[in-house]
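Below is one structure, written out as structure tokens, with a few remarks after it.
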Amino acid sequence: MELKDLEIFQLVAEKGTITEVAKELNYVQSNVTSRIQKLEAELNTPLFHRHRRGMTLTPEGKKLLSYSEKILKLTDEMKKAVQNHDEPTGKLEIGTVETVYHLPIILSSYIKKYKNVELSLFTGVTESLEKEVLNHKLDGAFVTKSNFHPELEVFDVFDEELVLISDCRERTMEELKHEPFLCFSTGCGYRARLEQWYKDQNIAPQKIMEFGTLETILRSVAMGLGVSFVPKSAVSHLEQSGEIRCHRLPEQYSKVKTVFIRRKDSYLTASMEKFLETIEKSKEAIYRNLESN
């Protein structure tokens with residue numbers, strides 16, 4: 001059994017069709033088919049149900065998928081474990097909530113110094129990113145601090161203030177309480193903070209509207225569609241230009257901590273070790289930016 005066979009098996013399980021896998025790998029379809037058939041012959045059991053819409057895993061196939069994920073993960077860690085710690089290489093897959101306004105400071109510093117690391121960035125809300133890290137889908141993630149799973153290691157990055165934002169019209173807080181709430185999906189740490197404020201104030205938002213990107217939320221607020229709750233650093237330029245207004249809430253709702261999380265039991269590769277060092281070294285520059293805002 002070859003590792004490549006397991007990689008192809010996982011892709012077929014994910015995509016559901018031989019055609020899509022062949023296209024992604026730039027293989028002929030017969031090559032992918034023969035690899036799957038070879039694996040089934042070695043294990044003496046069918047791994048997929050074949051039907052007109054594609055392929056789905058059999059119960060035996062689901063068992064193999066669980067083992068293959070662990071095998072390929074360990075293989076990747078093995079390769080990383082023997083790399084040169086002064087010149088890290090390989091892949092580093094990092095998640096982040098979309099509102100980490102100071103992330104470019106960390107990323108640019110890291111990428112410029114460690115050119116042989118292939119760094120990929122994925123966005124999401126805190127809750128989903130935590131699950132991705134726990135399930136070994138991500139090497140780590142920048143999220144809003146909360147009560148994390150005990151298997152996660154947490155590194156403080158910076159503290160920040162959240163502000164309620166509205167369009168440029170001058171209105172009282174009482175008027176803003178009944179505006180539609182524009183936010184990310186459930187699982188977002190900022191959304192949870194404002195929802196707690198609403199609950200404590202006995203407020204029922206007129207409407208909750210979910211968006212996928214921060215840019216869309218900010219543009220919608222500026223156009224008077226509703227209010228949102230975001231880091232002050234992410235909107236200070238819009239406040240200065242008069243496009244929005246910022247409103248402060250009590251500290252118990254507005255003070256947040258951005259942290260970096262990773263699994264405690266994950267092997268500390270050279271690329272991750274240097275990434276953590278870069279986060280620590282970037283803190284001073286980040287706080288200078290926060291003070292200037």
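FYI, nothing fancy with the structure tokens labels: chains A, B, ... in order, residues from 1 per chain, ligands from 1 as they appear.
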
Give me the residues near segment 269-279 of chain A as a PDB file with N, CA, C and O atoms, in the first residue's frame, where near means some atom within 12 Å (using only C-alpha atoms) and where sequence neighbours in that chain fewer than 5 positions away do not count.
```pdb
ATOM      1  N   ASP A  76       3.195  13.647   7.449  1.00  0.00           N
ATOM      2  CA  ASP A  76       3.522  15.060   7.278  1.00  0.00           C
ATOM      3  C   ASP A  76       4.333  15.576   8.460  1.00  0.00           C
ATOM      4  O   ASP A  76       5.315  16.302   8.290  1.00  0.00           O
ATOM      5  N   GLU A  77       3.945  15.185   9.682  1.00  0.00           N
ATOM      6  CA  GLU A  77       4.684  15.604  10.876  1.00  0.00           C
ATOM      7  C   GLU A  77       6.103  15.036  10.880  1.00  0.00           C
ATOM      8  O   GLU A  77       7.048  15.696  11.304  1.00  0.00           O
ATOM      9  N   MET A  78       6.244  13.794  10.393  1.00  0.00           N
ATOM     10  CA  MET A  78       7.558  13.174  10.320  1.00  0.00           C
ATOM     11  C   MET A  78       8.488  13.975   9.412  1.00  0.00           C
ATOM     12  O   MET A  78       9.652  14.220   9.751  1.00  0.00           O
ATOM     13  N   LYS A  79       7.969  14.398   8.267  1.00  0.00           N
ATOM     14  CA  LYS A  79       8.774  15.184   7.327  1.00  0.00           C
ATOM     15  C   LYS A  79       9.185  16.515   7.954  1.00  0.00           C
ATOM     16  O   LYS A  79      10.321  16.963   7.809  1.00  0.00           O
ATOM     17  N   LYS A  80       8.242  17.134   8.662  1.00  0.00           N
ATOM     18  CA  LYS A  80       8.526  18.428   9.279  1.00  0.00           C
ATOM     19  C   LYS A  80       9.516  18.297  10.429  1.00  0.00           C
ATOM     20  O   LYS A  80      10.306  19.196  10.698  1.00  0.00           O
ATOM     21  N   ALA A  81       9.469  17.151  11.119  1.00  0.00           N
ATOM     22  CA  ALA A  81      10.306  16.957  12.301  1.00  0.00           C
ATOM     23  C   ALA A  81      11.791  16.923  11.973  1.00  0.00           C
ATOM     24  O   ALA A  81      12.631  17.259  12.815  1.00  0.00           O
ATOM     25  N   VAL A  82      12.131  16.517  10.761  1.00  0.00           N
ATOM     26  CA  VAL A  82      13.546  16.370  10.407  1.00  0.00           C
ATOM     27  C   VAL A  82      14.077  17.553   9.593  1.00  0.00           C
ATOM     28  O   VAL A  82      15.212  17.524   9.131  1.00  0.00           O
ATOM     29  N   GLN A  83      13.269  18.588   9.417  1.00  0.00           N
ATOM     30  CA  GLN A  83      13.727  19.723   8.636  1.00  0.00           C
ATOM     31  C   GLN A  83      14.694  20.589   9.436  1.00  0.00           C
ATOM     32  O   GLN A  83      14.765  20.514  10.663  1.00  0.00           O
ATOM     33  N   ASN A  84      15.421  21.428   8.730  1.00  0.00           N
ATOM     34  CA  ASN A  84      16.395  22.343   9.327  1.00  0.00           C
ATOM     35  C   ASN A  84      15.656  23.424  10.110  1.00  0.00           C
ATOM     36  O   ASN A  84      14.873  24.182   9.545  1.00  0.00           O
ATOM     37  N   HIS A  85      15.914  23.538  11.420  1.00  0.00           N
ATOM     38  CA  HIS A  85      15.195  24.505  12.243  1.00  0.00           C
ATOM     39  C   HIS A  85      15.603  25.951  11.957  1.00  0.00           C
ATOM     40  O   HIS A  85      14.885  26.879  12.300  1.00  0.00           O
ATOM     41  N   ASP A  86      16.755  26.144  11.340  1.00  0.00           N
ATOM     42  CA  ASP A  86      17.166  27.510  10.984  1.00  0.00           C
ATOM     43  C   ASP A  86      16.519  27.962   9.682  1.00  0.00           C
ATOM     44  O   ASP A  86      16.317  29.153   9.457  1.00  0.00           O
ATOM     45  N   GLU A  87      16.213  27.002   8.803  1.00  0.00           N
ATOM     46  CA  GLU A  87      15.589  27.307   7.521  1.00  0.00           C
ATOM     47  C   GLU A  87      14.355  26.429   7.357  1.00  0.00           C
ATOM     48  O   GLU A  87      14.363  25.451   6.609  1.00  0.00           O
ATOM     49  N   PRO A  88      13.246  26.742   8.054  1.00  0.00           N
ATOM     50  CA  PRO A  88      12.043  25.905   7.986  1.00  0.00           C
ATOM     51  C   PRO A  88      11.446  25.865   6.582  1.00  0.00           C
ATOM     52  O   PRO A  88      11.537  26.836   5.831  1.00  0.00           O
ATOM     53  N   THR A  89      10.869  24.722   6.246  1.00  0.00           N
ATOM     54  CA  THR A  89      10.217  24.545   4.948  1.00  0.00           C
ATOM     55  C   THR A  89       8.863  23.872   5.173  1.00  0.00           C
ATOM     56  O   THR A  89       8.466  23.586   6.296  1.00  0.00           O
ATOM     57  N   GLY A  90       8.172  23.609   4.085  1.00  0.00           N
ATOM     58  CA  GLY A  90       6.896  22.890   4.168  1.00  0.00           C
ATOM     59  C   GLY A  90       5.695  23.815   4.226  1.00  0.00           C
ATOM     60  O   GLY A  90       5.804  25.021   3.977  1.00  0.00           O
ATOM     61  N   LYS A  91       4.548  23.243   4.565  1.00  0.00           N
ATOM     62  CA  LYS A  91       3.286  23.987   4.594  1.00  0.00           C
ATOM     63  C   LYS A  91       2.927  24.409   6.017  1.00  0.00           C
ATOM     64  O   LYS A  91       3.225  23.719   6.972  1.00  0.00           O
ATOM     65  N   LEU A  92       2.267  25.567   6.113  1.00  0.00           N
ATOM     66  CA  LEU A  92       1.738  26.042   7.381  1.00  0.00           C
ATOM     67  C   LEU A  92       0.352  26.612   7.078  1.00  0.00           C
ATOM     68  O   LEU A  92       0.229  27.599   6.342  1.00  0.00           O
ATOM     69  N   GLU A  93      -0.683  25.963   7.600  1.00  0.00           N
ATOM     70  CA  GLU A  93      -2.061  26.380   7.318  1.00  0.00           C
ATOM     71  C   GLU A  93      -2.656  27.032   8.552  1.00  0.00           C
ATOM     72  O   GLU A  93      -2.849  26.388   9.583  1.00  0.00           O
ATOM     73  N   ILE A  94      -2.922  28.330   8.428  1.00  0.00           N
ATOM     74  CA  ILE A  94      -3.355  29.160   9.558  1.00  0.00           C
ATOM     75  C   ILE A  94      -4.762  29.702   9.304  1.00  0.00           C
ATOM     76  O   ILE A  94      -5.084  30.154   8.210  1.00  0.00           O
ATOM     77  N   HIS A 102      -4.559  43.648  12.448  1.00  0.00           N
ATOM     78  CA  HIS A 102      -3.098  43.769  12.522  1.00  0.00           C
ATOM     79  C   HIS A 102      -2.363  42.530  12.027  1.00  0.00           C
ATOM     80  O   HIS A 102      -1.142  42.443  12.132  1.00  0.00           O
ATOM     81  N   LEU A 103      -3.103  41.576  11.484  1.00  0.00           N
ATOM     82  CA  LEU A 103      -2.487  40.337  11.018  1.00  0.00           C
ATOM     83  C   LEU A 103      -1.387  40.555   9.977  1.00  0.00           C
ATOM     84  O   LEU A 103      -0.367  39.853  10.001  1.00  0.00           O
ATOM     85  N   PRO A 104      -1.528  41.497   9.032  1.00  0.00           N
ATOM     86  CA  PRO A 104      -0.463  41.707   8.043  1.00  0.00           C
ATOM     87  C   PRO A 104       0.908  41.998   8.657  1.00  0.00           C
ATOM     88  O   PRO A 104       1.934  41.658   8.056  1.00  0.00           O
ATOM     89  N   ILE A 105       0.935  42.607   9.841  1.00  0.00           N
ATOM     90  CA  ILE A 105       2.225  42.878  10.500  1.00  0.00           C
ATOM     91  C   ILE A 105       2.946  41.566  10.780  1.00  0.00           C
ATOM     92  O   ILE A 105       4.151  41.431  10.538  1.00  0.00           O
ATOM     93  N   ILE A 106       2.198  40.585  11.277  1.00  0.00           N
ATOM     94  CA  ILE A 106       2.776  39.281  11.603  1.00  0.00           C
ATOM     95  C   ILE A 106       3.132  38.514  10.334  1.00  0.00           C
ATOM     96  O   ILE A 106       4.242  37.989  10.189  1.00  0.00           O
ATOM     97  N   LEU A 107       2.193  38.469   9.399  1.00  0.00           N
ATOM     98  CA  LEU A 107       2.399  37.673   8.182  1.00  0.00           C
ATOM     99  C   LEU A 107       3.544  38.193   7.325  1.00  0.00           C
ATOM    100  O   LEU A 107       4.370  37.412   6.838  1.00  0.00           O
ATOM    101  N   SER A 108       3.589  39.497   7.127  1.00  0.00           N
ATOM    102  CA  SER A 108       4.643  40.064   6.274  1.00  0.00           C
ATOM    103  C   SER A 108       6.018  39.813   6.873  1.00  0.00           C
ATOM    104  O   SER A 108       6.974  39.477   6.159  1.00  0.00           O
ATOM    105  N   SER A 109       6.131  39.953   8.191  1.00  0.00           N
ATOM    106  CA  SER A 109       7.401  39.706   8.865  1.00  0.00           C
ATOM    107  C   SER A 109       7.829  38.250   8.695  1.00  0.00           C
ATOM    108  O   SER A 109       9.006  37.960   8.430  1.00  0.00           O
ATOM    109  N   TYR A 110       6.870  37.330   8.828  1.00  0.00           N
ATOM    110  CA  TYR A 110       7.182  35.904   8.732  1.00  0.00           C
ATOM    111  C   TYR A 110       7.559  35.504   7.300  1.00  0.00           C
ATOM    112  O   TYR A 110       8.565  34.819   7.072  1.00  0.00           O
ATOM    113  N   ILE A 111       6.744  35.927   6.344  1.00  0.00           N
ATOM    114  CA  ILE A 111       6.956  35.529   4.947  1.00  0.00           C
ATOM    115  C   ILE A 111       8.273  36.068   4.396  1.00  0.00           C
ATOM    116  O   ILE A 111       8.986  35.393   3.650  1.00  0.00           O
ATOM    117  N   LYS A 112       8.614  37.292   4.778  1.00  0.00           N
ATOM    118  CA  LYS A 112       9.872  37.884   4.295  1.00  0.00           C
ATOM    119  C   LYS A 112      11.089  37.138   4.832  1.00  0.00           C
ATOM    120  O   LYS A 112      12.108  37.024   4.150  1.00  0.00           O
ATOM    121  N   LYS A 113      10.985  36.630   6.055  1.00  0.00           N
ATOM    122  CA  LYS A 113      12.128  35.979   6.689  1.00  0.00           C
ATOM    123  C   LYS A 113      12.234  34.501   6.336  1.00  0.00           C
ATOM    124  O   LYS A 113      13.339  33.969   6.177  1.00  0.00           O
ATOM    125  N   TYR A 114      11.086  33.821   6.207  1.00  0.00           N
ATOM    126  CA  TYR A 114      11.106  32.377   5.953  1.00  0.00           C
ATOM    127  C   TYR A 114      10.445  32.094   4.605  1.00  0.00           C
ATOM    128  O   TYR A 114       9.290  31.676   4.526  1.00  0.00           O
ATOM    129  N   LYS A 115      11.191  32.310   3.560  1.00  0.00           N
ATOM    130  CA  LYS A 115      10.670  32.248   2.193  1.00  0.00           C
ATOM    131  C   LYS A 115      10.351  30.827   1.724  1.00  0.00           C
ATOM    132  O   LYS A 115       9.643  30.639   0.727  1.00  0.00           O
ATOM    133  N   ASN A 116      10.890  29.812   2.401  1.00  0.00           N
ATOM    134  CA  ASN A 116      10.666  28.431   1.964  1.00  0.00           C
ATOM    135  C   ASN A 116       9.423  27.789   2.577  1.00  0.00           C
ATOM    136  O   ASN A 116       9.119  26.631   2.294  1.00  0.00           O
ATOM    137  N   VAL A 117       8.711  28.534   3.416  1.00  0.00           N
ATOM    138  CA  VAL A 117       7.476  28.015   4.020  1.00  0.00           C
ATOM    139  C   VAL A 117       6.292  28.431   3.152  1.00  0.00           C
ATOM    140  O   VAL A 117       6.162  29.599   2.781  1.00  0.00           O
ATOM    141  N   GLU A 118       5.449  27.471   2.838  1.00  0.00           N
ATOM    142  CA  GLU A 118       4.243  27.755   2.056  1.00  0.00           C
ATOM    143  C   GLU A 118       3.102  28.046   3.035  1.00  0.00           C
ATOM    144  O   GLU A 118       2.485  27.140   3.585  1.00  0.00           O
ATOM    145  N   LEU A 119       2.845  29.329   3.249  1.00  0.00           N
ATOM    146  CA  LEU A 119       1.848  29.752   4.236  1.00  0.00           C
ATOM    147  C   LEU A 119       0.494  29.977   3.573  1.00  0.00           C
ATOM    148  O   LEU A 119       0.375  30.729   2.606  1.00  0.00           O
ATOM    149  N   LEU A 138      -6.301  22.584  10.549  1.00  0.00           N
ATOM    150  CA  LEU A 138      -5.465  23.781  10.549  1.00  0.00           C
ATOM    151  C   LEU A 138      -4.342  23.596  11.565  1.00  0.00           C
ATOM    152  O   LEU A 138      -4.519  22.941  12.587  1.00  0.00           O
ATOM    153  N   ASP A 139      -3.187  24.193  11.275  1.00  0.00           N
ATOM    154  CA  ASP A 139      -2.058  24.120  12.211  1.00  0.00           C
ATOM    155  C   ASP A 139      -2.269  25.049  13.403  1.00  0.00           C
ATOM    156  O   ASP A 139      -1.714  24.829  14.477  1.00  0.00           O
ATOM    157  N   GLY A 140      -3.047  26.098  13.214  1.00  0.00           N
ATOM    158  CA  GLY A 140      -3.324  27.051  14.288  1.00  0.00           C
ATOM    159  C   GLY A 140      -4.275  28.115  13.778  1.00  0.00           C
ATOM    160  O   GLY A 140      -4.602  28.155  12.592  1.00  0.00           O
ATOM    161  N   ALA A 141      -4.733  29.007  14.677  1.00  0.00           N
ATOM    162  CA  ALA A 141      -5.682  30.037  14.251  1.00  0.00           C
ATOM    163  C   ALA A 141      -5.677  31.227  15.200  1.00  0.00           C
ATOM    164  O   ALA A 141      -5.459  31.079  16.409  1.00  0.00           O
ATOM    165  N   PHE A 142      -5.914  32.423  14.618  1.00  0.00           N
ATOM    166  CA  PHE A 142      -6.107  33.649  15.387  1.00  0.00           C
ATOM    167  C   PHE A 142      -7.600  33.798  15.643  1.00  0.00           C
ATOM    168  O   PHE A 142      -8.394  33.885  14.700  1.00  0.00           O
ATOM    169  N   GLU A 153      -3.656  24.818  23.070  1.00  0.00           N
ATOM    170  CA  GLU A 153      -2.675  25.700  23.698  1.00  0.00           C
ATOM    171  C   GLU A 153      -2.982  27.118  23.224  1.00  0.00           C
ATOM    172  O   GLU A 153      -3.245  27.335  22.043  1.00  0.00           O
ATOM    173  N   VAL A 154      -2.957  28.080  24.140  1.00  0.00           N
ATOM    174  CA  VAL A 154      -3.390  29.442  23.824  1.00  0.00           C
ATOM    175  C   VAL A 154      -2.238  30.433  24.033  1.00  0.00           C
ATOM    176  O   VAL A 154      -1.584  30.430  25.077  1.00  0.00           O
ATOM    177  N   PHE A 155      -2.011  31.300  23.032  1.00  0.00           N
ATOM    178  CA  PHE A 155      -0.967  32.325  23.094  1.00  0.00           C
ATOM    179  C   PHE A 155      -1.620  33.708  22.926  1.00  0.00           C
ATOM    180  O   PHE A 155      -2.293  33.951  21.926  1.00  0.00           O
ATOM    181  N   ASP A 156      -1.433  34.587  23.901  1.00  0.00           N
ATOM    182  CA  ASP A 156      -1.985  35.934  23.793  1.00  0.00           C
ATOM    183  C   ASP A 156      -1.305  36.690  22.664  1.00  0.00           C
ATOM    184  O   ASP A 156      -0.086  36.598  22.487  1.00  0.00           O
ATOM    185  N   VAL A 157      -2.083  37.457  21.911  1.00  0.00           N
ATOM    186  CA  VAL A 157      -1.515  38.260  20.824  1.00  0.00           C
ATOM    187  C   VAL A 157      -1.683  39.744  21.133  1.00  0.00           C
ATOM    188  O   VAL A 157      -0.716  40.478  21.233  1.00  0.00           O
ATOM    189  N   PHE A 158      -2.924  40.223  21.302  1.00  0.00           N
ATOM    190  CA  PHE A 158      -3.133  41.613  21.710  1.00  0.00           C
ATOM    191  C   PHE A 158      -4.547  41.804  22.252  1.00  0.00           C
ATOM    192  O   PHE A 158      -5.437  41.001  22.000  1.00  0.00           O
ATOM    193  N   THR A 258      -7.380  38.985  21.422  1.00  0.00           N
ATOM    194  CA  THR A 258      -7.120  38.114  20.279  1.00  0.00           C
ATOM    195  C   THR A 258      -5.983  37.174  20.652  1.00  0.00           C
ATOM    196  O   THR A 258      -4.952  37.618  21.165  1.00  0.00           O
ATOM    197  N   VAL A 259      -6.183  35.876  20.413  1.00  0.00           N
ATOM    198  CA  VAL A 259      -5.185  34.879  20.785  1.00  0.00           C
ATOM    199  C   VAL A 259      -4.895  33.976  19.587  1.00  0.00           C
ATOM    200  O   VAL A 259      -5.645  33.944  18.603  1.00  0.00           O
ATOM    201  N   PHE A 260      -3.801  33.241  19.698  1.00  0.00           N
ATOM    202  CA  PHE A 260      -3.463  32.231  18.688  1.00  0.00           C
ATOM    203  C   PHE A 260      -3.578  30.870  19.365  1.00  0.00           C
ATOM    204  O   PHE A 260      -3.064  30.679  20.474  1.00  0.00           O
ATOM    205  N   ILE A 261      -4.268  29.926  18.723  1.00  0.00           N
ATOM    206  CA  ILE A 261      -4.451  28.598  19.305  1.00  0.00           C
ATOM    207  C   ILE A 261      -3.843  27.517  18.420  1.00  0.00           C
ATOM    208  O   ILE A 261      -3.795  27.651  17.198  1.00  0.00           O
ATOM    209  N   ARG A 262      -3.356  26.457  19.059  1.00  0.00           N
ATOM    210  CA  ARG A 262      -2.888  25.258  18.358  1.00  0.00           C
ATOM    211  C   ARG A 262      -3.089  24.068  19.273  1.00  0.00           C
ATOM    212  O   ARG A 262      -3.253  24.233  20.492  1.00  0.00           O
ATOM    213  N   ARG A 263      -3.064  22.871  18.722  1.00  0.00           N
ATOM    214  CA  ARG A 263      -3.216  21.674  19.548  1.00  0.00           C
ATOM    215  C   ARG A 263      -1.974  21.464  20.409  1.00  0.00           C
ATOM    216  O   ARG A 263      -0.844  21.597  19.931  1.00  0.00           O
ATOM    217  N   GLU A 284       5.037  44.424  19.795  1.00  0.00           N
ATOM    218  CA  GLU A 284       5.364  45.840  20.016  1.00  0.00           C
ATOM    219  C   GLU A 284       4.842  46.704  18.876  1.00  0.00           C
ATOM    220  O   GLU A 284       4.240  47.760  19.101  1.00  0.00           O
ATOM    221  N   ALA A 285       5.034  46.239  17.631  1.00  0.00           N
ATOM    222  CA  ALA A 285       4.558  46.984  16.464  1.00  0.00           C
ATOM    223  C   ALA A 285       3.039  47.053  16.450  1.00  0.00           C
ATOM    224  O   ALA A 285       2.439  48.082  16.088  1.00  0.00           O
ATOM    225  N   ILE A 286       2.380  45.962  16.858  1.00  0.00           N
ATOM    226  CA  ILE A 286       0.917  45.937  16.896  1.00  0.00           C
ATOM    227  C   ILE A 286       0.374  46.935  17.905  1.00  0.00           C
ATOM    228  O   ILE A 286      -0.550  47.702  17.613  1.00  0.00           O
TER     229      ILE A 286
END
```

Long-range neighbours of Ala13 of chain A as a ChimeraX atom specification, 10 Å cut-off, only C-alpha atoms, 6 positions minimum in chain: /A:7,21,47-48,55-57,61-62,65

Using C-alpha atoms, can you write the selected residues to a file as an mmCIF file, in the first residue's frame?
```cif
data_model
loop_
_atom_site.group_PDB
_atom_site.id
_atom_site.type_symbol
_atom_site.label_atom_id
_atom_site.label_comp_id
_atom_site.auth_asym_id
_atom_site.auth_seq_id
_atom_site.Cartn_x
_atom_site.Cartn_y
_atom_site.Cartn_z
ATOM 1 C CA GLU A 7 -4.067 10.431 -0.769
ATOM 2 C CA VAL A 21 -10.097 13.966 -8.664
ATOM 3 C CA LEU A 47 -14.436 0.990 -0.300
ATOM 4 C CA PHE A 48 -17.051 2.856 -2.347
ATOM 5 C CA MET A 55 -19.167 7.438 -5.383
ATOM 6 C CA THR A 56 -19.900 7.295 -1.646
ATOM 7 C CA LEU A 57 -17.986 5.462 1.063
ATOM 8 C CA GLY A 61 -14.378 2.880 3.423
ATOM 9 C CA LYS A 62 -15.345 5.155 6.310
ATOM 10 C CA LEU A 65 -10.737 7.166 5.856
#
```

Two-atom distance - atom CA of Glu127 of chain A, atom CA of Leu176 of chain A (Å): 27.5 Å

Among segment 61-291 of chain A, which residues carry a DSSP assignment of helix (DSSP H, G or I), reported as a PyMOL selection string? chain A and resi 61-81+103-113+126-134+173-176+189-200+214-222+232-240+251-254+270-291

Between A:Ile244, A:Pro205, A:Arg50, A:Glu174, which one has atoms that come closest to Gly16 of chain A, using only C-alpha atoms? A:Arg50

For a quick check of understanding, using only C-alpha atoms, which of A:Arg193, A:Lys232, A:Ser68, A:Cys168 has the smallest distance to Lys145 of chain A?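 Result for the nearest residue to Lys145 of chain A: A:Arg193.
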
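Interatomic distance, atom CA of Val256 of chain A to atom CA of Leu225 of chain A: 25.4 Å.
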
Could you check which of A:Lys73, A:Lys15, A:His178, A:Lys4 is closest to Ser266 of chain A, using only C-alpha atoms?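 Smallest separation from Ser266 of chain A among the options: A:Lys73.
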
So, with only C-alpha atoms as the atoms that count, which of A:Gln29, A:Ser228, A:Ser185, A:Thr126 lies closest to Val12 of chain A?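 Closest candidate: A:Gln29.
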
When you draw a straight line from atom CA of Leu134 of chain A to atom CA of Lys257 of chain A, how long is it in Å?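 One can read the atom CA of Leu134 of chain A to atom CA of Lys257 of chain A distance as 20.2 Å.
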
Compare A:Gly212, A:Glu170, A:Tyr190, A:Lys207 by their minimum atom-to-atom distance to Arg245 of chain A, counting only C-alpha atoms, and give me the closest one. A:Glu170

Taking only C-alpha atoms into account, produce a table as a Markdown table in which each residue of segment 126-201 of chain A with an atom at most 8 Å from an atom of segment 213-224 of chain A appears once, together with its shortest atom pair and the distance in Å to one decimal, ordered by chain and rising number.
```
| residue | atom | partner | partner_atom | distance |
| --- | --- | --- | --- | --- |
| A:Ile165 | CA | A:Val221 | CA | 7.3 |
| A:Ser166 | CA | A:Val221 | CA | 5.7 |
| A:Asp167 | CA | A:Ala222 | CA | 4.5 |
| A:Cys168 | CA | A:Ala222 | CA | 7.0 |
| A:Leu182 | CA | A:Ile217 | CA | 6.4 |
| A:Cys183 | CA | A:Ile217 | CA | 7.0 |
| A:Phe184 | CA | A:Thr213 | CA | 7.6 |
```

Write out as an MDAnalysis selection string each polymer residue whose atoms come within 12 Å of Lys38 of chain A, counting only C-alpha atoms; drop sequence neighbours fewer than 2 positions from it. chainID A and resid 1:2 4:6 8:9 30:36 40:47

Taking only C-alpha atoms into account, which of A:Thr96, A:Asn135, A:Gln252, A:Thr186 comes nearest Lys70 of chain A?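 Closest to Lys70 of chain A of all the choices is A:Asn135.
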
Residues of segment 24-273 of chain A in strand (DSSP E or B) according to DSSP, as a ChimeraX atom specification? /A:48-51,54-57,90-96,117-123,140-144,152-167,181-183,208-210,227-231,244-247,255-263

Please list as a ChimeraX atom specification every residue within 12 Å of Ser233 of chain A, counting only C-alpha atoms and excluding residues in the same chain fewer than 3 positions away. /A:99-103,158-163,229-230,236-240,246,286-293

Do you know which residues are at most 12 Å from Ala204 of chain A counting only C-alpha atoms, after dropping those on the same chain fewer than 5 positions away, and could you put them as a ChimeraX atom specification? /A:176-181,194-199
